[in-house]
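Down below is the structure, laid out as structure tokens.
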Amino acid sequence: MSMVPRSGLAAVSEALLAMNRRLEVRDVLQTIVASARDLLDAEYAALGVPDDHGGFAQFVVAGVSEEEWKAIGPLPRQHGILAAMLHDATPQRLADVRKDPRFGGWPAAHPKMADFLGMPIADGEEVLGALFLANKRCAPGARKEHRPASQERACAFTGDDEELLRLLAQHAAIALTNARLYERSRELTIAEERTRIGHELHDAVAQKLFSLRLTAQAATALVDRDPERAKAELHEVARLSGEAADELRAAVVELRPAALDDDGLVATLRTQAQVLDRAHSAGVDFECDGVRALPAAQEEALLRVAQEALHNALRHADASQVRVALVRRGPSVVLTVSDDGTGFDPGAVRSAGRHLGLVSMRDRASGVGGTLTVQSEPGKGTVVEMEVPGG
């Protein structure tokens with residue numbers, strides 16, 4: 001590949017960094033497409049991730065408006081030139097895609113394309129997707145060549161463009177693989193947490209139901225010979241059944257997937273606080289000051305730490321009031337979960353720290369460049385504070 005101008009190298013570097021900053025697969029795909037279109041100065045760019053049924057599991061475009069995209073209709077199939085990139089893992093550089101014998105036409109609303117450059121995105125022998133560009137823009141002031149009247153465009157992709165796209169595709173494969181691993185890791189973490197909640201739900205409710213059954217049997221035996229004691233036992237039945245219902249409602253809240261993708265961290269925390277406030281005898285409230293959207297990884301970590309701290313306060317600390325706050329502090333965002341419960345000595349009980357999830361909370365904080373502090377002592381409640389940079 002010929003030497004790229006300094007400004008071009010800076011643009012390539014920026015594009016590669018942007019790809020690897022994204023954690024969600026969809027974000028990575030969109031960044032790859034936008035970067036390729038800008039760097040190679042193309043009118044259109046697209047990236048398709050194949051499925052196992054001859055179509056595409058995901059397909060993102062740049063240069064086509066939402067209205068135009070809807071008008072085009074269903075996603076393309078794996079055929080023609082797309083199939084060559086996906087099945088044979090071969091680059092495709094064409095002066096006019098419409099004249100290629102593999103070209104099978106477009107829907108009526110499809111934009112008109114001529115010069116075409118396509119590149120497979122591969123991880124070893126596995127083809128992860130196909131990245132392609134169309135309609136190279138002419139450089140400002142460039143003189144158009146004399147071409148036949150039938151050839152509409154005077155610009156075309158070059159060998160240097162192909163080499164640059166090959167470089168982008170290699171880094172795109174790394175970014176896409178990392179994003180997939182991140183999403184898989186998150187799925188496994190969620191599955192582990194659901195399993196933990198399920199076990200805790202079983203233990204807590206089973207214990208309550210066992211006590212409930214014994215108390216009901218005692219009340220039945222006392223109804224005739226000691227009505228007053230039977231009445232007291234029935235009050236205990238009512239109390240135990242109420243606690244079992246609280247456990248079930250709280251578990252439903254924790255098992256329900258968080259709506260981070262749709263609602264964002266602030267709305268999700270507010271909703272969970274409201275539901276937990278209704279489900280428990282303890283009061284749970286939420287306040288937010290100066291915080292809006294944060295990077296996805298930070299929102300995920302903050303939500304999980306908040307859930308763990310709430311779980312501890314409501315299930316273990318016998319708190320009567322729990323406060324959740326999300327505030328901006330200088331260049332950082334701070335989550336605070338405080339309660340007036342029984343408290344504990346963080347330094348004296350290592351096993352309690354693990355039992356209360358303090359180790360996993362610290363891991364989550366450090367994983368997004370943040371810090372976690374815990375202030376507590378017996379009889380004085382607990383304050384869990386997580387601080388993350390930026391946002």
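To be explicit about the labels: the chains of the structure tokens are called A, B, and onward in the order shown, and within each one the residues are counted from 1, while ligands get numbers from 1 in the order they are shown.
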Going by DSSP on the backbone, which bits of segment 50-191 of chain A are strand (DSSP E)? Write them as a compact mmCIF listing (two decimals) with N, CA, C and O atoms, in the first residue's frame, please.
# COMPACT_ATOMS: atom_id res chain seq x y z
N PRO A 50 -23.64 -12.85 8.33
CA PRO A 50 -24.51 -13.92 7.81
C PRO A 50 -25.15 -14.75 8.92
O PRO A 50 -24.61 -14.86 10.02
N PHE A 56 -29.07 -12.82 6.46
CA PHE A 56 -28.18 -12.06 7.33
C PHE A 56 -28.81 -11.90 8.70
O PHE A 56 -29.96 -11.51 8.83
N ALA A 57 -28.01 -12.22 9.72
CA ALA A 57 -28.47 -12.03 11.10
C ALA A 57 -28.50 -10.56 11.44
O ALA A 57 -29.37 -10.09 12.18
N GLN A 58 -27.53 -9.79 10.91
CA GLN A 58 -27.47 -8.34 11.12
C GLN A 58 -26.98 -7.68 9.84
O GLN A 58 -26.16 -8.25 9.10
N PHE A 59 -27.49 -6.48 9.58
CA PHE A 59 -27.13 -5.76 8.37
C PHE A 59 -27.22 -4.27 8.67
O PHE A 59 -28.29 -3.78 9.03
N VAL A 60 -26.11 -3.57 8.59
CA VAL A 60 -26.11 -2.13 8.88
C VAL A 60 -25.60 -1.37 7.67
O VAL A 60 -24.78 -1.88 6.89
N VAL A 61 -26.09 -0.15 7.49
CA VAL A 61 -25.75 0.65 6.32
C VAL A 61 -25.38 2.07 6.74
O VAL A 61 -25.75 2.52 7.82
N ALA A 62 -24.66 2.76 5.87
CA ALA A 62 -24.36 4.18 6.04
C ALA A 62 -24.55 4.84 4.69
O ALA A 62 -24.18 4.28 3.65
N GLN A 92 -13.63 -8.05 -3.55
CA GLN A 92 -14.25 -7.76 -4.85
C GLN A 92 -14.11 -6.27 -5.13
O GLN A 92 -14.59 -5.45 -4.37
N ARG A 93 -13.41 -5.94 -6.25
CA ARG A 93 -13.30 -4.54 -6.67
C ARG A 93 -13.74 -4.45 -8.11
O ARG A 93 -13.11 -5.02 -9.00
N LEU A 94 -14.87 -3.74 -8.32
CA LEU A 94 -15.51 -3.72 -9.63
C LEU A 94 -15.72 -2.28 -10.09
O LEU A 94 -16.12 -1.42 -9.30
N PHE A 116 -17.66 -0.50 -7.02
CA PHE A 116 -17.96 -1.33 -5.86
C PHE A 116 -16.66 -1.89 -5.30
O PHE A 116 -15.77 -2.29 -6.06
N LEU A 117 -16.55 -1.89 -3.97
CA LEU A 117 -15.40 -2.50 -3.30
C LEU A 117 -15.90 -3.28 -2.10
O LEU A 117 -16.54 -2.71 -1.21
N GLY A 118 -15.64 -4.57 -2.09
CA GLY A 118 -16.10 -5.42 -1.00
C GLY A 118 -14.96 -6.20 -0.38
O GLY A 118 -14.00 -6.57 -1.06
N MET A 119 -15.06 -6.45 0.94
CA MET A 119 -13.99 -7.14 1.66
C MET A 119 -14.60 -8.04 2.73
O MET A 119 -15.44 -7.59 3.52
N PRO A 120 -14.22 -9.32 2.76
CA PRO A 120 -14.69 -10.18 3.86
C PRO A 120 -14.03 -9.79 5.18
O PRO A 120 -12.88 -9.34 5.20
N ILE A 121 -14.77 -9.93 6.26
CA ILE A 121 -14.22 -9.76 7.61
C ILE A 121 -14.08 -11.16 8.19
O ILE A 121 -15.08 -11.86 8.38
N ALA A 122 -12.84 -11.59 8.41
CA ALA A 122 -12.62 -12.98 8.79
C ALA A 122 -11.76 -13.08 10.04
O ALA A 122 -10.85 -12.27 10.26
N ASP A 123 -12.07 -14.09 10.86
CA ASP A 123 -11.26 -14.45 12.02
C ASP A 123 -10.72 -15.84 11.75
O ASP A 123 -11.41 -16.84 11.96
N GLU A 126 -12.96 -18.47 9.77
CA GLU A 126 -14.37 -18.13 9.95
C GLU A 126 -14.65 -16.73 9.39
O GLU A 126 -14.02 -15.74 9.80
N VAL A 127 -15.57 -16.65 8.45
CA VAL A 127 -15.97 -15.36 7.88
C VAL A 127 -17.07 -14.77 8.76
O VAL A 127 -18.15 -15.35 8.88
N LEU A 128 -16.76 -13.64 9.40
CA LEU A 128 -17.71 -13.01 10.33
C LEU A 128 -18.71 -12.12 9.61
O LEU A 128 -19.80 -11.88 10.12
N GLY A 129 -18.33 -11.59 8.45
CA GLY A 129 -19.23 -10.69 7.75
C GLY A 129 -18.61 -10.22 6.44
O GLY A 129 -17.49 -10.61 6.08
N ALA A 130 -19.37 -9.40 5.74
CA ALA A 130 -18.91 -8.82 4.48
C ALA A 130 -19.08 -7.31 4.55
O ALA A 130 -20.17 -6.82 4.86
N LEU A 131 -18.01 -6.58 4.29
CA LEU A 131 -18.01 -5.12 4.33
C LEU A 131 -17.86 -4.62 2.91
O LEU A 131 -16.96 -5.04 2.19
N PHE A 132 -18.77 -3.75 2.47
CA PHE A 132 -18.65 -3.28 1.09
C PHE A 132 -19.06 -1.82 0.96
O PHE A 132 -19.86 -1.29 1.73
N LEU A 133 -18.43 -1.18 -0.04
CA LEU A 133 -18.61 0.25 -0.31
C LEU A 133 -19.03 0.42 -1.77
O LEU A 133 -18.71 -0.42 -2.62
N ALA A 134 -19.70 1.53 -2.04
CA ALA A 134 -20.10 1.81 -3.42
C ALA A 134 -20.03 3.31 -3.69
O ALA A 134 -20.23 4.13 -2.78
N ASN A 135 -19.75 3.64 -4.94
CA ASN A 135 -19.73 5.03 -5.43
C ASN A 135 -18.66 5.87 -4.75
O ASN A 135 -18.94 6.67 -3.86
N LYS A 136 -17.44 5.67 -5.20
CA LYS A 136 -16.32 6.48 -4.72
C LYS A 136 -16.56 7.94 -5.10
O LYS A 136 -16.91 8.26 -6.24
Task: Residue nearest Gln375 of chain A - candidates A:Val337, A:Val25, A:Ala34, A:Val388, atoms counted: only C-alpha atoms - done: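 Looking only at the distances to Gln375 of chain A, the closest residue turns out to be A:Val337.
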- [ ] Quick one: pull the distance between atom CA of Asp224 of chain A and atom CA of Glu236 of chain A, Å, one decimal.
- [x]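 Taking atom CA of Asp224 of chain A as the start and atom CA of Glu236 of chain A as the end point, the length is 18.1 Å.
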Task: Neighbour list for segment 310-318 of chain A as number ranges by chain, cut-off 7 Å, only C-alpha atoms, skip fewer than 6 positions in-chain - done: A: 339, 341-343, 356
Open item on the list: Restricting the calculation to only C-alpha atoms: of A:Leu82, A:Val374, A:Val12, A:Met19, which residue gets closest to Thr177 of chain A?
Closed with: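 Smallest separation from Thr177 of chain A among the options: A:Met19.
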Open item on the list: Which residue is closest to Lys208 of chain A? Choose from A:Glu243, A:Glu14, A:Glu300, A:Asp289 and count only C-alpha atoms.
Closed with: A:Glu243
Task: Pick from A:Leu29, A:Cys138, A:Val384, A:Val333, whichever lies nearest to Val291 of chain A using only C-alpha atoms - done: A:Val333
- [ ] Within 8 Å of Leu240 of chain A, counting only C-alpha atoms, which residues show up once you throw out same-chain ones fewer than 6 positions away? Write them as number ranges by chain, please.
- [x] A: 208-209, 211-212
Considering only C-alpha atoms, return as an mmCIF file with N, CA and C atoms, in the first residue's frame whatever protein or nucleic-acid residues lie within 9 Å of Leu294 of chain A, sequence-local ones (same chain, fewer than 3 positions apart) excluded.
data_model
loop_
_atom_site.group_PDB
_atom_site.id
_atom_site.type_symbol
_atom_site.label_atom_id
_atom_site.label_comp_id
_atom_site.auth_asym_id
_atom_site.auth_seq_id
_atom_site.Cartn_x
_atom_site.Cartn_y
_atom_site.Cartn_z
ATOM 1 N N GLY A 264 -32.311 3.173 29.790
ATOM 2 C CA GLY A 264 -31.154 3.822 30.381
ATOM 3 C C GLY A 264 -31.084 3.595 31.887
ATOM 4 N N LEU A 265 -29.935 3.933 32.475
ATOM 5 C CA LEU A 265 -29.683 3.638 33.885
ATOM 6 C C LEU A 265 -30.607 4.396 34.815
ATOM 7 N N VAL A 291 -27.143 13.620 36.230
ATOM 8 C CA VAL A 291 -26.635 12.458 35.491
ATOM 9 C C VAL A 291 -27.625 12.088 34.406
ATOM 10 N N ALA A 297 -21.094 0.024 29.302
ATOM 11 C CA ALA A 297 -20.419 -0.816 30.294
ATOM 12 C C ALA A 297 -20.531 -0.217 31.692
ATOM 13 N N GLN A 298 -20.437 1.103 31.797
ATOM 14 C CA GLN A 298 -20.565 1.756 33.100
ATOM 15 C C GLN A 298 -21.988 1.628 33.633
ATOM 16 N N GLU A 299 -22.978 1.807 32.765
ATOM 17 C CA GLU A 299 -24.373 1.680 33.217
ATOM 18 C C GLU A 299 -24.642 0.266 33.723
ATOM 19 N N GLY A 390 -15.896 10.244 34.244
ATOM 20 C CA GLY A 390 -16.537 10.723 33.013
ATOM 21 C C GLY A 390 -18.022 10.515 33.001
ATOM 22 N N GLY A 391 -18.536 10.376 31.773
ATOM 23 C CA GLY A 391 -19.973 10.161 31.630
ATOM 24 C C GLY A 391 -20.661 11.432 31.229
#
TODO: Determine the nearest neighbour of Asp277 of chain A from the options A:Val359, A:Val322, A:Met85, A:Ala95, counting only C-alpha atoms.
DONE: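 Closest to Asp277 of chain A, using only C-alpha atoms: A:Val322.
Distances from A:His202, A:Arg102, A:Ser360, A:Leu335 to His79 of chain A were compared using only C-alpha atoms, and the smallest one belongs to A:Arg102.
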Task: Within 10 Å of Gly242 of chain A using only C-alpha atoms, minus same-chain residues under 5 positions, as a list in words - done: Lys208, Glu236, Val237, Glu247, Leu248, His280 and Ser281 of chain A
Open item on the list: Taking 4 positions as the minimum chain separation for residues in the same chain, which residues sit within 10 Å of Pro74 of chain A when counting only C-alpha atoms? Answer as an NGL selection string.
Closed with: :A and (69-70 or 107)
Given the selection you just returned, output its residues as a file containing C-alpha atoms, formatted as a short mmCIF file (atom, residue, chain, number, x, y, z; two decimals), in the first residue's frame.
data_model
loop_
_atom_site.label_atom_id
_atom_site.label_comp_id
_atom_site.auth_asym_id
_atom_site.auth_seq_id
_atom_site.Cartn_x
_atom_site.Cartn_y
_atom_site.Cartn_z
CA TRP A 69 -33.93 1.85 4.03
CA LYS A 70 -37.56 1.01 4.84
CA PRO A 107 -35.40 -3.52 -5.50
#
